Each structure stands twice: as structure tokens, then as C-alpha cells.
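First comes the structure, then the notes that go with it.
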Amino acid sequence: MSNAYSPVPELNSLKEFQERCGSEYYANEFELVEFGKPSGAETYSDEQEFIDSFVCFARANRSGSDYAFWRVDHRADLAASPVVVFGDEGGICVVAGNIRDLFRQLGCDWWQWPSWESAQFMEPDPDDKPSPRHGDYLEWLKENFGLTPPDDPNELRHIAEAEFGARLESWVDRFYQDPMDL
């Protein structure tokens, strides 16, 4: 039996990095959580097909939003699956086309602001200090994956939304109807 954090090598590498960081953030309010723990999916539907289609792996912000892989088409490589965020106040939105795109977005050190309409990354105020271990994260990202952050993390979000957004919305509608629409 493996002691690995997850079946995703990229996340295992990040978990090792996070453990070296201790309690200090390396990307704005992001932190890995127990892999596969219940995500916000249970608040949208009790249908097992729906719940099993999301694999939670991280907290997106301090207010309780979660990142999860969406098993959109049961890809063999979970790391190649799109990443969604379950907003703490509602909404399920596509954030990244895969885990490496999310890693690049985290390299911007912007905070995640999910809503019912979208999951924007918001640029910190000029007076805000970067996450304490952000420089270490950028080095880790470059050394381990040869990646650098985009100028704006929303660029990658827009690409992922164009590819998966309508499909996610249509799929979620099969299982969830907003009480306000009843």
C-alpha cells in the first residue's frame, strides 16, 4: 500500500513542498486538504453519480471554497482533468483545464473569488504583501515542471471556461435545480 497523498504525482510533489512550508502560505490562501474529502458537491445533489464526479484536493480560499477535479469523461490521468471550484456561497465553476494550469495560476498569488457566474482570480491590492513562501513556490514550479505563471491567471481560466464551461453547466443542470428557479 502506498503512502502517497494522492494518485496524482503532481499533487504528491506539491504536498511535499507544502509540508516544507509549514503553516505559511505559498499562494494566496491556497492549501491542500485531505485528498478526495467531500467537496461542495454534496450540497448540490445527493445523486452518487454527481458526487463521484468530483475529487476534492484543496482549499481555494479561507472562506471555504474548494478545488476539485471534475471527472468530465473519466480520463485515465486525473491530472489532465479540468479543475473546478465550489464556491463557499454557491456556484460551481471551471477554473483550469488541468492541474498544471492551476499550478501556473497559483504562481500569480492572486486570490480566488468564486460566485455563481464565474470563479475570477482577483489581483491583490498594491499594499498587500505576497504570500510568505511565494518565491519558494515559483522556484518549485520552475524546477519541477518548467512552468512560470501567466501575466493574468484569468487568461487560463477563460481558456478552460471556453472548453468546459458550457459542458459543466449543462451537466450540473441534470442534477441540480436552483431553488430560486422553482
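Residues in the C-alpha cells are named by chain (A, B, ... in the order shown) and by number from 1 within that chain; ligands are numbered from 1 in the order shown.
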
Can you tell me, as a PDB file with all heavy atoms, in the first residue's frame, which residues in region 94-150 of chain A count as helix (DSSP H, G or I) by DSSP?
```
ATOM      1  N   ILE A  99      -4.345  20.271 -13.892  1.00  0.00           N
ATOM      2  CA  ILE A  99      -3.663  20.651 -12.647  1.00  0.00           C
ATOM      3  C   ILE A  99      -2.473  21.561 -12.901  1.00  0.00           C
ATOM      4  O   ILE A  99      -2.208  22.477 -12.122  1.00  0.00           O
ATOM      5  CB  ILE A  99      -3.251  19.402 -11.822  1.00  0.00           C
ATOM      6  CG1 ILE A  99      -2.842  19.805 -10.404  1.00  0.00           C
ATOM      7  CG2 ILE A  99      -2.137  18.628 -12.503  1.00  0.00           C
ATOM      8  CD1 ILE A  99      -3.936  20.424  -9.583  1.00  0.00           C
ATOM      9  N   ARG A 100      -1.760  21.363 -13.993  1.00  0.00           N
ATOM     10  CA  ARG A 100      -0.601  22.220 -14.252  1.00  0.00           C
ATOM     11  C   ARG A 100      -1.020  23.657 -14.558  1.00  0.00           C
ATOM     12  O   ARG A 100      -0.324  24.596 -14.180  1.00  0.00           O
ATOM     13  CB  ARG A 100       0.266  21.637 -15.358  1.00  0.00           C
ATOM     14  CG  ARG A 100       0.987  20.385 -14.875  1.00  0.00           C
ATOM     15  CD  ARG A 100       1.878  19.793 -15.927  1.00  0.00           C
ATOM     16  NE  ARG A 100       2.459  18.552 -15.427  1.00  0.00           N
ATOM     17  CZ  ARG A 100       3.692  18.188 -15.637  1.00  0.00           C
ATOM     18  NH1 ARG A 100       4.494  18.947 -16.361  1.00  0.00           N
ATOM     19  NH2 ARG A 100       4.150  17.045 -15.154  1.00  0.00           N
ATOM     20  N   ASP A 101      -2.159  23.830 -15.207  1.00  0.00           N
ATOM     21  CA  ASP A 101      -2.659  25.194 -15.412  1.00  0.00           C
ATOM     22  C   ASP A 101      -3.014  25.840 -14.076  1.00  0.00           C
ATOM     23  O   ASP A 101      -2.750  27.026 -13.865  1.00  0.00           O
ATOM     24  CB  ASP A 101      -3.880  25.204 -16.340  1.00  0.00           C
ATOM     25  CG  ASP A 101      -3.511  25.066 -17.805  1.00  0.00           C
ATOM     26  OD1 ASP A 101      -2.313  25.105 -18.152  1.00  0.00           O
ATOM     27  OD2 ASP A 101      -4.444  24.914 -18.625  1.00  0.00           O
ATOM     28  N   LEU A 102      -3.606  25.061 -13.165  1.00  0.00           N
ATOM     29  CA  LEU A 102      -3.901  25.619 -11.837  1.00  0.00           C
ATOM     30  C   LEU A 102      -2.604  25.996 -11.129  1.00  0.00           C
ATOM     31  O   LEU A 102      -2.521  27.068 -10.526  1.00  0.00           O
ATOM     32  CB  LEU A 102      -4.695  24.636 -10.981  1.00  0.00           C
ATOM     33  CG  LEU A 102      -5.017  25.150  -9.573  1.00  0.00           C
ATOM     34  CD1 LEU A 102      -5.963  26.348  -9.616  1.00  0.00           C
ATOM     35  CD2 LEU A 102      -5.601  24.042  -8.710  1.00  0.00           C
ATOM     36  N   PHE A 103      -1.587  25.151 -11.222  1.00  0.00           N
ATOM     37  CA  PHE A 103      -0.298  25.484 -10.608  1.00  0.00           C
ATOM     38  C   PHE A 103       0.232  26.808 -11.150  1.00  0.00           C
ATOM     39  O   PHE A 103       0.746  27.631 -10.403  1.00  0.00           O
ATOM     40  CB  PHE A 103       0.727  24.386 -10.875  1.00  0.00           C
ATOM     41  CG  PHE A 103       0.555  23.128 -10.063  1.00  0.00           C
ATOM     42  CD1 PHE A 103       1.421  22.067 -10.250  1.00  0.00           C
ATOM     43  CD2 PHE A 103      -0.449  22.983  -9.112  1.00  0.00           C
ATOM     44  CE1 PHE A 103       1.306  20.898  -9.515  1.00  0.00           C
ATOM     45  CE2 PHE A 103      -0.583  21.819  -8.376  1.00  0.00           C
ATOM     46  CZ  PHE A 103       0.305  20.775  -8.577  1.00  0.00           C
ATOM     47  N   ARG A 104       0.108  27.018 -12.455  1.00  0.00           N
ATOM     48  CA  ARG A 104       0.567  28.280 -13.049  1.00  0.00           C
ATOM     49  C   ARG A 104      -0.252  29.447 -12.508  1.00  0.00           C
ATOM     50  O   ARG A 104       0.290  30.512 -12.200  1.00  0.00           O
ATOM     51  CB  ARG A 104       0.454  28.220 -14.580  1.00  0.00           C
ATOM     52  CG  ARG A 104       1.458  27.267 -15.218  1.00  0.00           C
ATOM     53  CD  ARG A 104       1.426  27.332 -16.720  1.00  0.00           C
ATOM     54  NE  ARG A 104       1.848  28.681 -17.144  1.00  0.00           N
ATOM     55  CZ  ARG A 104       1.362  29.296 -18.222  1.00  0.00           C
ATOM     56  NH1 ARG A 104       0.453  28.729 -18.984  1.00  0.00           N
ATOM     57  NH2 ARG A 104       1.791  30.502 -18.528  1.00  0.00           N
ATOM     58  N   GLN A 105      -1.567  29.265 -12.382  1.00  0.00           N
ATOM     59  CA  GLN A 105      -2.424  30.321 -11.852  1.00  0.00           C
ATOM     60  C   GLN A 105      -2.027  30.665 -10.415  1.00  0.00           C
ATOM     61  O   GLN A 105      -1.974  31.837 -10.046  1.00  0.00           O
ATOM     62  CB  GLN A 105      -3.897  29.878 -11.909  1.00  0.00           C
ATOM     63  CG  GLN A 105      -4.441  29.818 -13.311  1.00  0.00           C
ATOM     64  CD  GLN A 105      -5.776  29.110 -13.381  1.00  0.00           C
ATOM     65  OE1 GLN A 105      -5.988  28.086 -12.737  1.00  0.00           O
ATOM     66  NE2 GLN A 105      -6.682  29.652 -14.187  1.00  0.00           N
ATOM     67  N   LEU A 106      -1.737  29.651  -9.624  1.00  0.00           N
ATOM     68  CA  LEU A 106      -1.327  29.887  -8.241  1.00  0.00           C
ATOM     69  C   LEU A 106      -0.036  30.692  -8.182  1.00  0.00           C
ATOM     70  O   LEU A 106       0.201  31.429  -7.222  1.00  0.00           O
ATOM     71  CB  LEU A 106      -1.154  28.562  -7.499  1.00  0.00           C
ATOM     72  CG  LEU A 106      -2.417  27.726  -7.309  1.00  0.00           C
ATOM     73  CD1 LEU A 106      -2.063  26.383  -6.688  1.00  0.00           C
ATOM     74  CD2 LEU A 106      -3.464  28.461  -6.495  1.00  0.00           C
ATOM     75  N   HIS A 134       5.853  32.499  -1.314  1.00  0.00           N
ATOM     76  CA  HIS A 134       5.552  32.597  -2.742  1.00  0.00           C
ATOM     77  C   HIS A 134       6.797  32.459  -3.620  1.00  0.00           C
ATOM     78  O   HIS A 134       6.774  31.759  -4.639  1.00  0.00           O
ATOM     79  CB  HIS A 134       4.825  33.915  -3.051  1.00  0.00           C
ATOM     80  CG  HIS A 134       4.412  34.025  -4.475  1.00  0.00           C
ATOM     81  ND1 HIS A 134       3.463  33.207  -5.028  1.00  0.00           N
ATOM     82  CD2 HIS A 134       4.849  34.827  -5.473  1.00  0.00           C
ATOM     83  CE1 HIS A 134       3.322  33.506  -6.306  1.00  0.00           C
ATOM     84  NE2 HIS A 134       4.151  34.483  -6.600  1.00  0.00           N
ATOM     85  N   GLY A 135       7.875  33.096  -3.253  1.00  0.00           N
ATOM     86  CA  GLY A 135       9.112  32.980  -4.030  1.00  0.00           C
ATOM     87  C   GLY A 135       9.596  31.539  -4.095  1.00  0.00           C
ATOM     88  O   GLY A 135      10.049  31.063  -5.147  1.00  0.00           O
ATOM     89  N   ASP A 136       9.482  30.826  -2.975  1.00  0.00           N
ATOM     90  CA  ASP A 136       9.850  29.409  -2.946  1.00  0.00           C
ATOM     91  C   ASP A 136       8.953  28.593  -3.875  1.00  0.00           C
ATOM     92  O   ASP A 136       9.409  27.667  -4.535  1.00  0.00           O
ATOM     93  CB  ASP A 136       9.739  28.848  -1.526  1.00  0.00           C
ATOM     94  CG  ASP A 136      10.707  29.495  -0.559  1.00  0.00           C
ATOM     95  OD1 ASP A 136      11.783  29.959  -0.991  1.00  0.00           O
ATOM     96  OD2 ASP A 136      10.381  29.539   0.648  1.00  0.00           O
ATOM     97  N   TYR A 137       7.660  28.940  -3.905  1.00  0.00           N
ATOM     98  CA  TYR A 137       6.722  28.246  -4.785  1.00  0.00           C
ATOM     99  C   TYR A 137       7.109  28.448  -6.252  1.00  0.00           C
ATOM    100  O   TYR A 137       7.109  27.493  -7.035  1.00  0.00           O
ATOM    101  CB  TYR A 137       5.282  28.717  -4.544  1.00  0.00           C
ATOM    102  CG  TYR A 137       4.305  28.085  -5.506  1.00  0.00           C
ATOM    103  CD1 TYR A 137       3.905  26.760  -5.332  1.00  0.00           C
ATOM    104  CD2 TYR A 137       3.817  28.785  -6.608  1.00  0.00           C
ATOM    105  CE1 TYR A 137       3.030  26.165  -6.222  1.00  0.00           C
ATOM    106  CE2 TYR A 137       2.944  28.194  -7.506  1.00  0.00           C
ATOM    107  CZ  TYR A 137       2.548  26.878  -7.309  1.00  0.00           C
ATOM    108  OH  TYR A 137       1.697  26.282  -8.202  1.00  0.00           O
ATOM    109  N   LEU A 138       7.437  29.673  -6.619  1.00  0.00           N
ATOM    110  CA  LEU A 138       7.822  29.935  -8.007  1.00  0.00           C
ATOM    111  C   LEU A 138       9.055  29.125  -8.400  1.00  0.00           C
ATOM    112  O   LEU A 138       9.131  28.589  -9.515  1.00  0.00           O
ATOM    113  CB  LEU A 138       8.058  31.429  -8.228  1.00  0.00           C
ATOM    114  CG  LEU A 138       6.816  32.318  -8.105  1.00  0.00           C
ATOM    115  CD1 LEU A 138       7.201  33.786  -8.256  1.00  0.00           C
ATOM    116  CD2 LEU A 138       5.750  31.924  -9.116  1.00  0.00           C
ATOM    117  N   GLU A 139      10.011  29.016  -7.492  1.00  0.00           N
ATOM    118  CA  GLU A 139      11.199  28.190  -7.752  1.00  0.00           C
ATOM    119  C   GLU A 139      10.806  26.725  -7.903  1.00  0.00           C
ATOM    120  O   GLU A 139      11.286  26.040  -8.808  1.00  0.00           O
ATOM    121  CB  GLU A 139      12.215  28.337  -6.612  1.00  0.00           C
ATOM    122  CG  GLU A 139      12.923  29.672  -6.599  1.00  0.00           C
ATOM    123  CD  GLU A 139      13.858  29.805  -5.404  1.00  0.00           C
ATOM    124  OE1 GLU A 139      14.341  28.760  -4.894  1.00  0.00           O
ATOM    125  OE2 GLU A 139      14.097  30.955  -4.984  1.00  0.00           O
ATOM    126  N   TRP A 140       9.949  26.231  -7.021  1.00  0.00           N
ATOM    127  CA  TRP A 140       9.475  24.853  -7.083  1.00  0.00           C
ATOM    128  C   TRP A 140       8.771  24.588  -8.415  1.00  0.00           C
ATOM    129  O   TRP A 140       9.005  23.568  -9.062  1.00  0.00           O
ATOM    130  CB  TRP A 140       8.535  24.581  -5.895  1.00  0.00           C
ATOM    131  CG  TRP A 140       7.852  23.255  -5.953  1.00  0.00           C
ATOM    132  CD1 TRP A 140       8.334  22.068  -5.490  1.00  0.00           C
ATOM    133  CD2 TRP A 140       6.566  22.980  -6.517  1.00  0.00           C
ATOM    134  NE1 TRP A 140       7.429  21.068  -5.743  1.00  0.00           N
ATOM    135  CE2 TRP A 140       6.334  21.609  -6.368  1.00  0.00           C
ATOM    136  CE3 TRP A 140       5.591  23.764  -7.141  1.00  0.00           C
ATOM    137  CZ2 TRP A 140       5.164  20.992  -6.807  1.00  0.00           C
ATOM    138  CZ3 TRP A 140       4.432  23.158  -7.584  1.00  0.00           C
ATOM    139  CH2 TRP A 140       4.225  21.781  -7.415  1.00  0.00           C
ATOM    140  N   LEU A 141       7.903  25.509  -8.810  1.00  0.00           N
ATOM    141  CA  LEU A 141       7.146  25.372 -10.055  1.00  0.00           C
ATOM    142  C   LEU A 141       8.078  25.268 -11.255  1.00  0.00           C
ATOM    143  O   LEU A 141       7.897  24.412 -12.131  1.00  0.00           O
ATOM    144  CB  LEU A 141       6.205  26.575 -10.199  1.00  0.00           C
ATOM    145  CG  LEU A 141       5.206  26.569 -11.337  1.00  0.00           C
ATOM    146  CD1 LEU A 141       4.224  25.418 -11.205  1.00  0.00           C
ATOM    147  CD2 LEU A 141       4.461  27.910 -11.370  1.00  0.00           C
ATOM    148  N   LYS A 142       9.076  26.105 -11.304  1.00  0.00           N
ATOM    149  CA  LYS A 142      10.047  26.115 -12.403  1.00  0.00           C
ATOM    150  C   LYS A 142      10.909  24.854 -12.380  1.00  0.00           C
ATOM    151  O   LYS A 142      11.094  24.191 -13.406  1.00  0.00           O
ATOM    152  CB  LYS A 142      10.911  27.376 -12.311  1.00  0.00           C
ATOM    153  CG  LYS A 142      11.902  27.525 -13.425  1.00  0.00           C
ATOM    154  CD  LYS A 142      11.216  27.935 -14.693  1.00  0.00           C
ATOM    155  CE  LYS A 142      12.242  28.316 -15.744  1.00  0.00           C
ATOM    156  NZ  LYS A 142      11.677  28.346 -17.062  1.00  0.00           N
ATOM    157  N   GLU A 143      11.437  24.511 -11.209  1.00  0.00           N
ATOM    158  CA  GLU A 143      12.329  23.345 -11.084  1.00  0.00           C
ATOM    159  C   GLU A 143      11.625  22.030 -11.384  1.00  0.00           C
ATOM    160  O   GLU A 143      12.190  21.154 -12.028  1.00  0.00           O
ATOM    161  CB  GLU A 143      12.913  23.272  -9.667  1.00  0.00           C
ATOM    162  CG  GLU A 143      13.994  24.265  -9.385  1.00  0.00           C
ATOM    163  CD  GLU A 143      14.477  24.182  -7.947  1.00  0.00           C
ATOM    164  OE1 GLU A 143      14.222  23.167  -7.261  1.00  0.00           O
ATOM    165  OE2 GLU A 143      15.111  25.163  -7.503  1.00  0.00           O
ATOM    166  N   ASN A 144      10.405  21.873 -10.916  1.00  0.00           N
ATOM    167  CA  ASN A 144       9.705  20.597 -11.036  1.00  0.00           C
ATOM    168  C   ASN A 144       8.947  20.420 -12.345  1.00  0.00           C
ATOM    169  O   ASN A 144       8.787  19.294 -12.818  1.00  0.00           O
ATOM    170  CB  ASN A 144       8.747  20.404  -9.860  1.00  0.00           C
ATOM    171  CG  ASN A 144       9.483  20.080  -8.595  1.00  0.00           C
ATOM    172  OD1 ASN A 144       9.756  18.929  -8.311  1.00  0.00           O
ATOM    173  ND2 ASN A 144       9.844  21.108  -7.841  1.00  0.00           N
ATOM    174  N   PHE A 145       8.464  21.520 -12.916  1.00  0.00           N
ATOM    175  CA  PHE A 145       7.609  21.402 -14.096  1.00  0.00           C
ATOM    176  C   PHE A 145       8.013  22.304 -15.251  1.00  0.00           C
ATOM    177  O   PHE A 145       7.397  22.270 -16.310  1.00  0.00           O
ATOM    178  CB  PHE A 145       6.142  21.686 -13.715  1.00  0.00           C
ATOM    179  CG  PHE A 145       5.645  20.772 -12.639  1.00  0.00           C
ATOM    180  CD1 PHE A 145       5.472  21.230 -11.342  1.00  0.00           C
ATOM    181  CD2 PHE A 145       5.369  19.439 -12.909  1.00  0.00           C
ATOM    182  CE1 PHE A 145       5.033  20.385 -10.328  1.00  0.00           C
ATOM    183  CE2 PHE A 145       4.928  18.581 -11.918  1.00  0.00           C
ATOM    184  CZ  PHE A 145       4.756  19.058 -10.620  1.00  0.00           C
TER     185      PHE A 145
END
```

Fewer than 6 positions away in the same chain doesn't count, so skip those; otherwise give me all residues within 7 Å of Phe121 (chain A), counting only C-alpha atoms, as a PyMOL selection string.
chain A and resi 110-113+153-154

Against region 170-173 of chain A, which residues of region 58-136 of chain A fall within 12 Å? For each one I want the closest pair of atoms and the distance in Å (one decimal), counting only C-alpha atoms, rows by chain and increasing residue number, as CSV.
```
residue,atom,partner,partner_atom,distance
A:Trp70,CA,A:Trp171,CA,11.0
A:Arg71,CA,A:Trp171,CA,11.5
A:Val72,CA,A:Trp171,CA,9.2
A:Asp73,CA,A:Trp171,CA,11.5
A:Gly91,CA,A:Val172,CA,10.4
A:Ile92,CA,A:Val172,CA,8.5
A:Cys93,CA,A:Val172,CA,10.3
A:Val94,CA,A:Val172,CA,11.9
```

Mind pulling up the distance from CA of Ser115 (chain A) to CA of Val33 (chain A)?
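A separation of 21.2 Å between them.
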
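Non-sequential neighbours of Glu42 (chain A) (distance at most 10 Å, separation of 6 or more positions within a chain, only C-alpha atoms) are Gln48, Phe50, Ile51, Asp52 and Phe54 of chain A.
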
Taking into account only C-alpha atoms, which residue in the set A:Phe164, A:Phe57, A:Phe17, A:Trp116 is nearest to Pro38 (chain A)?
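The shortest atom-to-atom distance to Pro38 (chain A) comes from A:Phe57.
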
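Distance annotation: of A:Glu117, A:Glu163, A:Asp109, A:Glu169, the residue with the minimal separation from Gly87 (chain A) is A:Glu117; atom set is only C-alpha atoms.
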
Using only C-alpha atoms, which residue out of A:Val84, A:Arg133, A:Phe35, A:Glu47 lies closest to Gln18 (chain A)?
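Of A:Val84, A:Arg133, A:Phe35, A:Glu47, the one nearest Gln18 (chain A) is A:Arg133, counting only C-alpha atoms.
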
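Checking A:Cys56, A:Leu147, A:Ala166, A:Val85 one by one against Lys37 (chain A), counting only C-alpha atoms, you find the shortest gap at A:Cys56.
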
Kindly give the distance, in Å, that separates CA of Asp151 (chain A) and CA of Asn98 (chain A), rounded to a single decimal.
18.1 Å

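Of all the residues in region 61-98 of chain A, the ones DSSP labels as strand (DSSP E) from the backbone are Asp66, Tyr67, Ala68, Phe69, Trp70, Val83, Val84, Val85, Phe86, Ile92, Cys93, Val94, Val95 and Ala96 of chain A.
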
Glu31 (chain A) surroundings by only C-alpha atoms, 8 Å radius, close-in-sequence under 6 positions cut, as a JSON list (two decimals) with all heavy atoms, in the first residue's frame:
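This is the output file selection.json:
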```json
[["chain", "number", "residue", "atom", "x", "y", "z"],
["A", 18, "GLN", "N", 4.45, 21.66, 0.25],
["A", 18, "GLN", "CA", 3.61, 22.29, 1.27],
["A", 18, "GLN", "C", 4.06, 21.90, 2.67],
["A", 18, "GLN", "O", 4.08, 22.74, 3.58],
["A", 18, "GLN", "CB", 2.14, 21.91, 1.06],
["A", 18, "GLN", "CG", 1.19, 22.54, 2.08],
["A", 18, "GLN", "CD", -0.26, 22.32, 1.76],
["A", 18, "GLN", "OE1", -0.73, 22.76, 0.73],
["A", 18, "GLN", "NE2", -0.96, 21.61, 2.62],
["A", 25, "TYR", "N", 1.60, 30.30, 3.89],
["A", 25, "TYR", "CA", 1.05, 30.19, 2.54],
["A", 25, "TYR", "C", 2.13, 30.42, 1.49],
["A", 25, "TYR", "O", 3.03, 31.23, 1.68],
["A", 25, "TYR", "CB", -0.07, 31.21, 2.31],
["A", 25, "TYR", "CG", -1.37, 30.87, 2.98],
["A", 25, "TYR", "CD1", -1.89, 31.67, 3.99],
["A", 25, "TYR", "CD2", -2.10, 29.76, 2.59],
["A", 25, "TYR", "CE1", -3.10, 31.37, 4.60],
["A", 25, "TYR", "CE2", -3.31, 29.45, 3.19],
["A", 25, "TYR", "CZ", -3.80, 30.25, 4.19],
["A", 25, "TYR", "OH", -4.99, 29.94, 4.78],
["A", 58, "ALA", "N", -8.10, 20.61, -2.55],
["A", 58, "ALA", "CA", -7.52, 21.82, -1.98],
["A", 58, "ALA", "C", -8.59, 22.82, -1.58],
["A", 58, "ALA", "O", -9.70, 22.84, -2.09],
["A", 58, "ALA", "CB", -6.59, 22.49, -2.99],
["A", 59, "ARG", "N", -8.20, 23.67, -0.65],
["A", 59, "ARG", "CA", -9.00, 24.82, -0.24],
["A", 59, "ARG", "C", -8.56, 25.98, -1.13],
["A", 59, "ARG", "O", -7.37, 26.25, -1.29],
["A", 59, "ARG", "CB", -8.72, 25.14, 1.23],
["A", 59, "ARG", "CG", -9.51, 26.26, 1.79],
["A", 59, "ARG", "CD", -10.88, 25.90, 2.30],
["A", 59, "ARG", "NE", -10.86, 24.87, 3.31],
["A", 59, "ARG", "CZ", -11.76, 23.89, 3.36],
["A", 59, "ARG", "NH1", -12.73, 23.82, 2.50],
["A", 59, "ARG", "NH2", -11.70, 22.97, 4.29],
["A", 60, "ALA", "N", -9.52, 26.65, -1.74],
["A", 60, "ALA", "CA", -9.22, 27.75, -2.66],
["A", 60, "ALA", "C", -9.06, 29.09, -1.94],
["A", 60, "ALA", "O", -8.39, 29.98, -2.44],
["A", 60, "ALA", "CB", -10.32, 27.87, -3.72]]
```

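Here the question is which of A:Pro82, A:Pro150, A:Gly64, A:Pro124 gets nearest to Arg167 (chain A) using only C-alpha atoms, and that residue is A:Pro82.
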
Could you tell me how far CA of Asp46 (chain A) sits from CA of Val8 (chain A), in Å to one decimal place?
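Rounded to one decimal, the two atoms are 26.3 Å apart.
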
Compile the contact shell of Arg157 (chain A) as a count of residues only: residues with an atom at most 7 Å away, counting only C-alpha atoms, same-chain residues fewer than 4 positions apart removed.
4
